[in-house]
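Chemist: Got a structure for you, start_26.csv, holding CSV, C-alpha atoms and all ligand atoms.
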chain,number,residue,atom,x,y,z
A,24,MET,CA,0.0,0.0,0.0
A,25,LYS,CA,1.0,3.6,-0.3
A,26,ALA,CA,1.8,5.6,2.8
A,27,ALA,CA,3.3,9.1,3.3
A,28,PHE,CA,6.4,9.6,5.4
A,29,LEU,CA,7.8,12.8,6.9
A,30,THR,CA,11.5,12.3,6.3
A,31,GLY,CA,13.0,15.8,6.9
A,32,PRO,CA,12.2,19.5,7.2
A,33,GLN,CA,9.6,20.2,4.5
A,34,LYS,CA,10.1,16.7,3.0
A,35,ILE,CA,7.2,14.3,2.7
A,36,GLU,CA,7.3,11.3,0.4
A,37,ILE,CA,5.2,8.4,-0.7
A,38,ARG,CA,6.5,4.9,-0.1
A,39,ASP,CA,5.2,1.4,-0.9
A,40,VAL,CA,4.9,-0.5,2.4
A,41,PRO,CA,3.3,-3.8,3.4
A,42,GLU,CA,-0.4,-3.5,4.5
A,43,PRO,CA,-0.7,-3.6,8.3
A,44,ASP,CA,-1.7,-6.9,9.9
A,45,VAL,CA,-5.0,-7.0,11.7
A,46,PRO,CA,-3.9,-6.3,15.4
A,47,GLU,CA,-5.0,-8.8,18.0
A,48,GLY,CA,-8.3,-7.4,19.3
A,49,GLY,CA,-8.2,-4.5,16.8
A,50,LEU,CA,-9.1,-3.7,13.2
A,51,VAL,CA,-7.8,-2.2,9.9
A,52,LEU,CA,-9.3,0.9,8.5
A,53,ALA,CA,-9.2,1.9,4.8
A,54,VAL,CA,-8.6,5.6,5.1
A,55,LYS,CA,-11.0,7.7,2.9
A,56,ALA,CA,-10.1,11.3,4.0
A,57,CYS,CA,-7.5,12.9,6.4
A,58,GLY,CA,-7.0,16.6,7.1
A,59,ILE,CA,-3.8,18.5,7.3
A,60,CYS,CA,-3.7,20.2,10.8
A,61,GLY,CA,-1.7,23.3,11.9
A,62,SER,CA,0.3,20.9,14.1
A,63,ASP,CA,1.2,18.7,11.0
A,64,LEU,CA,2.5,21.9,9.3
A,65,ARG,CA,4.6,22.7,12.4
A,66,ARG,CA,6.2,19.3,12.3
A,67,TRP,CA,6.6,19.4,8.6
A,68,LYS,CA,8.6,22.7,8.9
A,69,GLU,CA,10.8,21.2,11.7
A,70,GLY,CA,11.1,17.6,10.3
A,71,PRO,CA,10.5,14.4,12.3
A,72,PRO,CA,12.3,13.7,15.6
A,73,ALA,CA,15.9,12.5,15.0
A,74,GLY,CA,16.3,8.8,14.5
A,75,SER,CA,12.6,8.1,14.0
A,76,GLY,CA,13.2,6.9,10.5
A,77,GLY,CA,10.3,8.9,9.1
A,78,VAL,CA,6.8,9.0,10.5
A,79,THR,CA,3.4,8.7,8.7
A,80,PRO,CA,1.5,11.8,9.9
A,81,GLY,CA,-2.2,12.5,9.8
A,82,HIS,CA,-4.7,12.4,12.7
A,83,GLU,CA,-7.9,13.9,11.3
A,84,ALA,CA,-9.0,10.8,9.6
A,85,SER,CA,-12.2,9.0,8.5
A,86,GLY,CA,-12.5,5.6,6.7
A,87,VAL,CA,-14.2,2.3,6.5
A,88,VAL,CA,-13.4,-0.9,8.4
A,89,VAL,CA,-12.0,-3.6,6.1
A,90,ALA,CA,-10.8,-6.2,8.6
A,91,VAL,CA,-11.6,-7.0,12.2
A,92,ASP,CA,-10.0,-9.5,14.6
A,93,VAL,CA,-12.3,-12.0,16.1
A,94,ARG,CA,-11.6,-10.6,19.6
A,95,CYS,CA,-12.9,-7.2,18.6
A,96,THR,CA,-16.6,-7.1,19.3
A,97,ARG,CA,-17.3,-3.3,19.1
A,98,PHE,CA,-16.9,-2.8,15.3
A,99,ASN,CA,-17.7,-4.8,12.1
A,100,VAL,CA,-16.4,-4.8,8.6
A,101,GLY,CA,-18.1,-2.0,6.6
A,102,ASP,CA,-18.4,0.3,9.6
A,103,ARG,CA,-17.6,4.0,8.8
A,104,LEU,CA,-15.5,5.5,11.5
A,105,ALA,CA,-14.0,8.9,12.3
A,106,ILE,CA,-11.0,9.2,14.5
A,107,ALA,CA,-9.0,11.8,16.5
A,108,PRO,CA,-5.4,11.5,17.7
A,109,ASP,CA,-5.4,11.4,21.5
A,110,VAL,CA,-4.8,8.0,23.2
A,111,HIS,CA,-4.9,8.3,27.0
A,112,CYS,CA,-3.4,5.9,29.5
A,113,GLY,CA,-6.6,5.4,31.6
A,114,LYS,CA,-4.5,5.0,34.8
A,115,CYS,CA,-2.9,8.3,35.8
A,116,TYR,CA,-4.2,11.0,38.2
A,117,TYR,CA,-6.0,12.9,35.4
A,118,CYS,CA,-7.5,9.8,33.7
A,119,ARG,CA,-8.9,8.6,37.0
A,120,ARG,CA,-10.7,12.0,37.2
A,121,GLU,CA,-11.8,11.8,33.5
A,122,ARG,CA,-9.6,14.7,32.5
A,123,TYR,CA,-8.4,12.6,29.7
A,124,ASN,CA,-6.9,15.4,27.6
A,125,LEU,CA,-4.6,16.2,30.5
A,126,CYS,CA,-3.3,12.6,30.7
A,127,ASP,CA,0.3,12.4,31.8
A,128,HIS,CA,1.1,9.8,29.2
A,129,LEU,CA,-0.9,11.0,26.1
A,130,GLN,CA,0.0,9.3,22.9
A,131,PHE,CA,-1.0,10.7,19.5
A,132,LEU,CA,-1.9,8.9,16.2
A,133,GLY,CA,0.3,10.2,13.5
A,134,ILE,CA,2.8,11.7,15.9
A,135,THR,CA,4.0,9.3,18.6
A,136,PRO,CA,6.4,6.7,17.2
A,137,GLY,CA,4.6,3.4,16.7
A,138,PHE,CA,1.3,5.1,16.1
A,139,PRO,CA,1.3,5.6,12.3
A,140,GLY,CA,-1.3,8.1,11.1
A,141,GLY,CA,-3.9,8.6,8.4
A,142,PHE,CA,-1.9,9.7,5.4
A,143,ALA,CA,-1.8,6.0,4.3
A,144,GLU,CA,-4.2,3.7,2.4
A,145,ARG,CA,-4.7,1.6,5.5
A,146,MET,CA,-4.4,2.2,9.3
A,147,ALA,CA,-4.3,-0.4,12.0
A,148,LEU,CA,-6.3,0.4,15.1
A,149,THR,CA,-5.1,-1.6,18.1
A,150,PRO,CA,-7.3,-2.4,21.2
A,151,GLU,CA,-5.4,0.4,23.1
A,152,ILE,CA,-6.5,2.9,20.4
A,153,LEU,CA,-10.1,1.5,20.3
A,154,GLU,CA,-10.5,1.7,24.1
A,155,ASN,CA,-8.5,4.8,25.1
A,156,GLY,CA,-8.5,6.7,21.9
A,157,VAL,CA,-11.2,8.6,20.1
A,158,VAL,CA,-12.9,6.4,17.6
A,159,ASN,CA,-16.6,6.9,16.7
A,160,PRO,CA,-19.0,5.6,14.1
A,161,MET,CA,-20.0,8.3,11.5
A,162,PRO,CA,-23.6,9.4,11.6
A,163,GLU,CA,-25.7,8.3,8.5
A,164,GLY,CA,-25.5,10.8,5.7
A,165,LEU,CA,-22.2,12.3,6.7
A,166,GLY,CA,-19.5,12.0,4.0
A,167,PHE,CA,-15.9,11.0,4.7
A,168,ALA,CA,-14.4,14.5,3.9
A,169,HIS,CA,-16.8,16.2,6.3
A,170,ALA,CA,-16.2,13.6,8.9
A,171,ALA,CA,-12.5,14.3,8.8
A,172,LEU,CA,-13.3,17.8,10.1
A,173,SER,CA,-14.7,16.3,13.3
A,174,GLU,CA,-11.3,16.5,15.0
A,175,PRO,CA,-10.5,20.2,14.6
A,176,CYS,CA,-14.2,20.9,15.4
A,177,CYS,CA,-13.8,19.1,18.8
A,178,SER,CA,-11.1,21.4,20.2
A,179,VAL,CA,-13.2,24.5,19.1
A,180,LEU,CA,-16.4,23.2,20.6
A,181,ALA,CA,-14.6,22.3,23.9
A,182,THR,CA,-13.1,25.9,24.0
A,183,HIS,CA,-16.6,27.4,23.9
A,184,ASP,CA,-17.8,25.0,26.6
A,185,ARG,CA,-15.0,26.3,28.7
A,186,ALA,CA,-15.6,29.9,27.8
A,187,GLY,CA,-19.4,29.5,28.5
A,188,THR,CA,-20.1,31.4,25.2
A,189,GLY,CA,-23.7,32.5,25.2
A,190,GLN,CA,-26.3,34.6,23.5
A,191,GLY,CA,-25.3,38.3,23.0
A,192,ASP,CA,-21.7,37.8,24.1
A,193,THR,CA,-19.1,39.6,22.0
A,194,VAL,CA,-16.4,37.0,21.1
A,195,VAL,CA,-13.1,38.2,19.5
A,196,ILE,CA,-11.1,35.6,17.5
A,197,LEU,CA,-7.5,36.6,16.9
A,198,GLY,CA,-6.5,34.8,13.7
A,199,ALA,CA,-8.6,33.6,10.8
A,200,GLY,CA,-7.0,30.3,9.8
A,201,PRO,CA,-9.2,27.2,9.5
A,202,ILE,CA,-9.4,27.1,13.3
A,203,GLY,CA,-10.2,30.8,13.7
A,204,CYS,CA,-13.0,30.4,11.1
A,205,LEU,CA,-14.4,27.4,13.0
A,206,HIS,CA,-14.4,29.5,16.1
A,207,VAL,CA,-16.5,32.1,14.3
A,208,ALA,CA,-19.0,29.3,13.2
A,209,VAL,CA,-19.2,27.9,16.7
A,210,ALA,CA,-19.6,31.3,18.5
A,211,LYS,CA,-22.4,32.1,16.0
A,212,MET,CA,-24.0,28.7,16.8
A,213,HIS,CA,-24.1,30.0,20.4
A,214,SER,CA,-25.8,33.2,19.2
A,215,ALA,CA,-22.8,35.4,20.0
A,216,ARG,CA,-21.5,38.4,18.1
A,217,THR,CA,-18.2,37.8,16.5
A,218,ILE,CA,-15.1,39.9,15.6
A,219,VAL,CA,-12.2,38.3,13.8
A,220,THR,CA,-8.8,39.9,13.4
A,221,GLU,CA,-6.3,38.8,10.7
A,222,CYS,CA,-3.2,40.1,9.0
A,223,SER,CA,-3.6,38.2,5.7
A,224,GLU,CA,-5.9,39.7,3.1
A,225,ARG,CA,-6.7,36.4,1.6
A,226,ARG,CA,-7.7,35.0,5.0
A,227,ARG,CA,-9.9,38.0,5.7
A,228,GLU,CA,-11.7,37.2,2.5
A,229,LEU,CA,-12.1,33.6,3.5
A,230,ALA,CA,-13.3,34.6,7.0
A,231,ALA,CA,-16.0,36.7,5.4
A,232,ARG,CA,-17.8,33.4,4.3
A,233,PHE,CA,-18.6,32.8,7.9
A,234,ASP,CA,-20.3,36.1,8.3
A,235,PRO,CA,-18.7,37.6,11.4
A,236,ASP,CA,-20.0,40.9,12.6
A,237,LEU,CA,-16.7,42.7,12.1
A,238,ILE,CA,-13.4,41.8,10.4
A,239,VAL,CA,-10.4,43.8,11.4
A,240,ASP,CA,-7.1,44.1,9.4
A,241,ALA,CA,-4.6,43.3,12.2
A,242,ALA,CA,-1.7,44.5,10.0
A,243,CYS,CA,-2.9,48.1,9.6
A,244,GLU,CA,-5.5,48.7,12.3
A,245,ASP,CA,-5.4,49.1,16.1
A,246,VAL,CA,-7.3,45.9,16.9
A,247,VAL,CA,-7.8,46.8,20.6
A,248,ALA,CA,-9.3,50.2,19.7
A,249,ARG,CA,-11.6,48.6,17.1
A,250,VAL,CA,-12.9,46.1,19.7
A,251,ARG,CA,-13.4,48.9,22.2
A,252,GLU,CA,-15.3,50.9,19.6
A,253,PHE,CA,-17.5,48.0,18.6
A,254,THR,CA,-18.4,47.3,22.2
A,255,LYS,CA,-19.0,51.0,23.0
A,256,GLY,CA,-16.0,51.1,25.3
A,257,LEU,CA,-16.8,48.0,27.3
A,258,GLY,CA,-14.5,45.5,25.8
A,259,ALA,CA,-15.1,41.9,24.6
A,260,ASP,CA,-16.8,39.3,26.8
A,261,ILE,CA,-14.5,36.5,25.4
A,262,VAL,CA,-11.3,36.7,23.5
A,263,ILE,CA,-9.8,33.6,21.8
A,264,CYS,CA,-6.2,33.6,20.8
A,265,ALA,CA,-6.3,31.2,17.8
A,266,ASN,CA,-2.8,31.8,16.5
A,267,PRO,CA,0.7,31.0,17.8
A,268,VAL,CA,1.7,34.6,18.5
A,269,ALA,CA,2.5,35.9,22.0
A,270,GLU,CA,1.7,39.5,21.1
A,271,THR,CA,-2.0,38.6,20.5
A,272,GLN,CA,-2.2,37.2,24.0
A,273,ARG,CA,-1.2,40.6,25.4
A,274,GLN,CA,-3.7,42.2,23.1
A,275,GLY,CA,-6.4,39.8,24.4
A,276,VAL,CA,-6.0,41.0,28.0
A,277,ASP,CA,-6.1,44.6,26.7
A,278,MET,CA,-9.4,44.2,24.7
A,279,VAL,CA,-11.4,42.0,27.1
A,280,ARG,CA,-13.9,43.6,29.5
A,281,LYS,CA,-13.6,43.4,33.3
A,282,GLY,CA,-14.7,39.9,34.4
A,283,GLY,CA,-14.2,38.6,30.9
A,284,LYS,CA,-12.2,35.6,29.7
A,285,VAL,CA,-9.1,35.3,27.5
A,286,LEU,CA,-8.6,31.8,26.2
A,287,LEU,CA,-5.1,30.7,25.0
A,288,PHE,CA,-6.1,28.3,22.3
A,289,GLY,CA,-3.0,28.3,20.0
A,290,GLY,CA,0.3,27.1,21.4
A,291,LEU,CA,3.4,29.3,21.1
A,292,PRO,CA,6.6,28.2,19.3
A,293,LYS,CA,8.5,25.7,21.5
A,294,ALA,CA,11.6,27.8,21.4
A,295,SER,CA,9.9,30.9,22.7
A,296,PRO,CA,6.9,30.0,24.8
A,297,MET,CA,7.0,33.1,27.2
A,298,THR,CA,4.4,35.7,27.1
A,299,THR,CA,3.9,39.1,28.9
A,300,LEU,CA,0.4,40.1,30.2
A,301,ASP,CA,-0.7,43.1,32.1
A,302,GLY,CA,-0.9,41.7,35.7
A,303,ASN,CA,-2.8,44.7,37.0
A,304,LYS,CA,-5.5,44.5,34.4
A,305,ILE,CA,-6.0,40.8,35.2
A,306,HIS,CA,-6.0,41.6,39.0
A,307,TYR,CA,-8.2,44.7,39.2
A,308,GLY,CA,-10.4,43.6,36.3
A,309,GLU,CA,-10.8,40.0,37.6
A,310,ILE,CA,-10.0,38.8,34.1
A,311,GLU,CA,-9.8,35.0,33.6
A,312,VAL,CA,-6.9,33.9,31.4
A,313,LEU,CA,-7.6,30.2,30.6
A,314,GLY,CA,-5.6,27.6,28.8
A,315,THR,CA,-7.5,25.3,26.5
A,316,PHE,CA,-6.1,22.1,24.9
A,317,SER,CA,-7.7,19.2,23.2
A,318,TYR,CA,-11.0,17.9,24.6
A,319,HIS,CA,-12.9,15.1,26.3
A,320,PRO,CA,-13.5,12.1,24.0
A,321,ARG,CA,-17.3,12.6,24.2
A,322,VAL,CA,-17.0,16.0,22.3
A,323,HIS,CA,-16.1,14.0,19.2
A,324,ARG,CA,-19.6,12.5,19.0
A,325,ARG,CA,-21.1,15.9,19.3
A,326,ALA,CA,-18.9,17.3,16.5
A,327,LEU,CA,-19.9,14.5,14.2
A,328,ASP,CA,-23.6,15.2,14.8
A,329,LEU,CA,-23.2,18.9,14.3
A,330,LEU,CA,-21.4,18.2,11.0
A,331,ALA,CA,-24.0,15.7,9.9
A,332,ASP,CA,-26.9,18.1,10.5
A,333,GLY,CA,-25.1,21.0,8.8
A,334,THR,CA,-24.9,23.2,11.9
A,335,LEU,CA,-21.1,23.4,11.3
A,336,PRO,CA,-20.5,24.5,7.7
A,337,ALA,CA,-18.0,21.9,6.5
A,338,ASP,CA,-18.1,23.0,2.9
A,339,LYS,CA,-16.9,26.5,3.8
A,340,ILE,CA,-14.0,25.1,5.9
A,341,ILE,CA,-12.7,22.7,3.3
A,342,THR,CA,-11.1,24.7,0.5
A,343,HIS,CA,-8.8,22.1,-1.1
A,344,GLN,CA,-8.7,18.3,-1.6
A,345,PHE,CA,-5.7,16.4,-2.9
A,346,PRO,CA,-5.0,12.7,-3.7
A,347,LEU,CA,-2.4,11.0,-1.5
A,348,GLY,CA,0.1,11.1,-4.4
A,349,GLN,CA,0.1,14.9,-4.3
A,350,ILE,CA,0.6,15.2,-0.5
A,351,ALA,CA,3.7,17.4,-0.9
A,352,ASP,CA,1.7,19.9,-2.9
A,353,ALA,CA,-1.1,19.7,-0.3
A,354,TYR,CA,1.3,20.6,2.5
A,355,ARG,CA,2.7,23.5,0.5
A,356,MET,CA,-0.8,24.8,-0.2
A,357,ALA,CA,-1.8,24.5,3.5
A,358,ALA,CA,1.4,26.2,4.6
A,359,ALA,CA,1.1,29.1,2.2
A,360,GLY,CA,-1.9,30.5,4.2
A,361,ASP,CA,-4.2,31.0,1.2
A,362,ALA,CA,-6.3,28.0,2.1
A,363,LEU,CA,-8.5,27.0,5.0
A,364,LYS,CA,-8.7,23.2,5.5
A,365,VAL,CA,-6.7,21.1,3.1
A,366,LEU,CA,-7.7,17.4,2.9
A,367,ILE,CA,-6.1,14.3,1.5
A,368,CYS,CA,-8.9,12.2,-0.1
A,369,PHE,CA,-8.4,8.7,-1.2
A,370,GLU,CA,-11.2,8.4,-3.7
A,371,LYS,CA,-14.2,10.4,-4.9
A,372,GLU,CA,-17.3,9.8,-2.7
B,1,ZN,ZN,-5.6,18.4,14.2
B,2,ZN,ZN,-3.6,9.1,31.8
Represent the supplied structure as structure tokens.
Ligand SMILES: [Zn+2]
Ligand SMILES: [Zn+2]
Modeler:
Amino acid sequence: MKAAFLTGPQKIEIRDVPEPDVPEGGLVLAVKACGICGSDLRRWKEGPPAGSGGVTPGHEASGVVVAVDVRCTRFNVGDRLAIAPDVHCGKCYYCRRERYNLCDHLQFLGITPGFPGGFAERMALTPEILENGVVNPMPEGLGFAHAALSEPCCSVLATHDRAGTGQGDTVVILGAGPIGCLHVAVAKMHSARTIVTECSERRRELAARFDPDLIVDAACEDVVARVREFTKGLGADIVICANPVAETQRQGVDMVRKGGKVLLFGGLPKASPMTTLDGNKIHYGEIEVLGTFSYHPRVHRRALDLLADGTLPADKIITHQFPLGQIADAYRMAAAGDALKVLICFEKE
């Protein structure tokens, strides 16, 4: 079968490899669609960990079960499944309290060595992945390409759960990549007013598809002043930092109202993770600065349902689809910043 391997910085190649055996107690999935994530792009830019011999990336996958071991009773051949990357240990302090996304021993499909991802024709799902990972049947009527969006939708949905986004809230989203646009869609689903800020003109055009109440050019305009103006001086109820830029976290504290919430959604570059925030604004204004990462596995089922019933506009998020053989072009397209979600699709549906 064909599988993609990340072999060096900005180097991804297709190799012929043997099809995976059916794992004891597990199954084999024929992958139908798999999205390129911002984190995939980060690893593509850096290259794989030294000595790993190349890793098959991809963790936003959907497909159909083609082989099942007799000891696996949960799934059958022909089942259509969507998967997400996190595999928790089930034993640590956090897992015992059902805070699975904070597990001390999280492993990730398409990232952790020994857990090959979805940019391959076939993927083996071991009992460990089936039990402690995120694997769910696709609702009827949901296509594979749309199902592959369930993973990025999960982290966005979980962020708004944490923010308590509600009717009439003004939510500012800093960054209009695929994730920023999903934040606009989910905030609107909660009947919030939305402001999105973005430096790239192309991305501001793409963000307009999601009909936010205000789009601010972060390159030329004073974003804090524009948010204050829009909220008649009050400030935003909720600010979501959806890009890997420390400066936007500082701006978030400056544009949120007293008692509001700033959510740090995007990670900062590993080499420079420090950020500077106005401690007095946080103190006197009782501002909540919250980290948000990944999600509880049950959010994945909700994401699939919201994609199936059209609440989340999958067609507006997916801007490009490539076959596996053109994965290098697909990565370059996703990295150029002119696209929203770029998918690898294995056949026409
Ligand atoms: Zn992802
Ligand atoms: Zn754990």
Chemist: Return as an MDAnalysis selection string the residues of protein, DNA or RNA that approach ligand ZN 2 (chain B) to within 10 Å, with all atoms listed in the file taken into account.
Modeler: chainID A and resid 110:130 155
Chemist: Return as a PDB file with C-alpha atoms, keeping the file's coordinate frame every polymer residue, whether protein, DNA or RNA, with at least one atom no more than 8 Å from an atom of ligand ZN 1 (chain B); count only C-alpha atoms and all ligand atoms.
Modeler:
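part10.pdb, written as the output of this step:
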ATOM      1  CA  GLY A  58      -7.000  16.600   7.100  1.00  0.00           C
ATOM      2  CA  ILE A  59      -3.800  18.500   7.300  1.00  0.00           C
ATOM      3  CA  CYS A  60      -3.700  20.200  10.800  1.00  0.00           C
ATOM      4  CA  GLY A  61      -1.700  23.300  11.900  1.00  0.00           C
ATOM      5  CA  SER A  62       0.300  20.900  14.100  1.00  0.00           C
ATOM      6  CA  ASP A  63       1.200  18.700  11.000  1.00  0.00           C
ATOM      7  CA  HIS A  82      -4.700  12.400  12.700  1.00  0.00           C
ATOM      8  CA  GLU A  83      -7.900  13.900  11.300  1.00  0.00           C
ATOM      9  CA  ALA A 107      -9.000  11.800  16.500  1.00  0.00           C
ATOM     10  CA  PRO A 108      -5.400  11.500  17.700  1.00  0.00           C
ATOM     11  CA  GLU A 174     -11.300  16.500  15.000  1.00  0.00           C
ATOM     12  CA  PRO A 175     -10.500  20.200  14.600  1.00  0.00           C
TER      13      PRO A 175
END
Chemist: Mind checking which residues fall within 12 Å of Glu309 of chain A, counting only C-alpha atoms, ignoring those fewer than 6 positions away in the same chain, and posting them as a PyMOL selection string?
Modeler: chain A and resi 276+279-285+301-303
Chemist: What does the distance between atom CA of His343 of chain A and atom CA of Ala208 of chain A come to in Å, to one decimal place?
Modeler: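 Pair atom CA of His343 of chain A / atom CA of Ala208 of chain A returns 19.0 Å.
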Chemist: With distances taken over all atoms listed in the file, which of A:Ala351, A:Leu257, A:Ile202, A:Val195 is nearest to Asp236 of chain A?
Modeler: A:Val195
Chemist: Can you tell me, as an MDAnalysis selection string, what residues are no more than 10 Å from segment 35-46 of chain A when counting only C-alpha atoms, ignoring any on the same chain fewer than 4 positions away?
Modeler: chainID A and resid 24:31 50:52 67 70 77:80 89:95 142:150 347:352 354
Chemist: Please compute the atom CA of Ser85 of chain A-atom CA of Pro320 of chain A distance, one decimal, in Å.
Modeler: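 Computing the Euclidean distance for atom CA of Ser85 of chain A and atom CA of Pro320 of chain A yields 15.9 Å.
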Chemist: List every residue of segment 151-186 of chain A that has an atom at most 7 Å from any atom of segment 311-318 of chain A, giving for each one its closest atom pair and the distance in Å to one decimal, counting all atoms listed in the file, sorted by chain and then by ascending residue number, as a tab-separated table.
Modeler:
residue	atom	partner	partner_atom	distance
A:Cys177	CA	A:Tyr318	CA	6.6
A:Ser178	CA	A:Ser317	CA	5.0
A:Ala181	CA	A:Tyr318	CA	5.7
A:Thr182	CA	A:Thr315	CA	6.2
Chemist: Just how far from atom CA of Glu228 of chain A is atom CA of Val207 of chain A, in Å to one decimal?
Modeler: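 Answer for the atom CA of Val207 of chain A to atom CA of Glu228 of chain A separation: 13.7 Å.
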Chemist: From the list A:Asp260, A:Glu370, A:Asp361, A:Asp102, which residue is nearest Ala199 of chain A when using only C-alpha atoms?
Modeler: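 Checking each of A:Asp260, A:Glu370, A:Asp361, A:Asp102 against Ala199 of chain A, counting only C-alpha atoms, the winner is A:Asp361.
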Chemist: Just give me the residues with any atom within 6 Å of (-19.6, 36.2, 21.3), file coordinates, counting all atoms listed in the file, written as an NGL selection string.
Modeler: :A and (192-194 or 210 or 215-217)
Chemist: Using only C-alpha atoms, find the one residue out of A:Ala242, A:Val268, A:Gln33, A:Gly86 that sits nearest to Lys68 of chain A.
Modeler: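 Looking only at the distances to Lys68 of chain A, the closest residue turns out to be A:Gln33.
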Chemist: Rank nothing, just name the residue among A:Leu329, A:Pro139, A:His169, A:Cys204 nearest to Leu366 of chain A, using only C-alpha atoms.
Modeler: A:His169
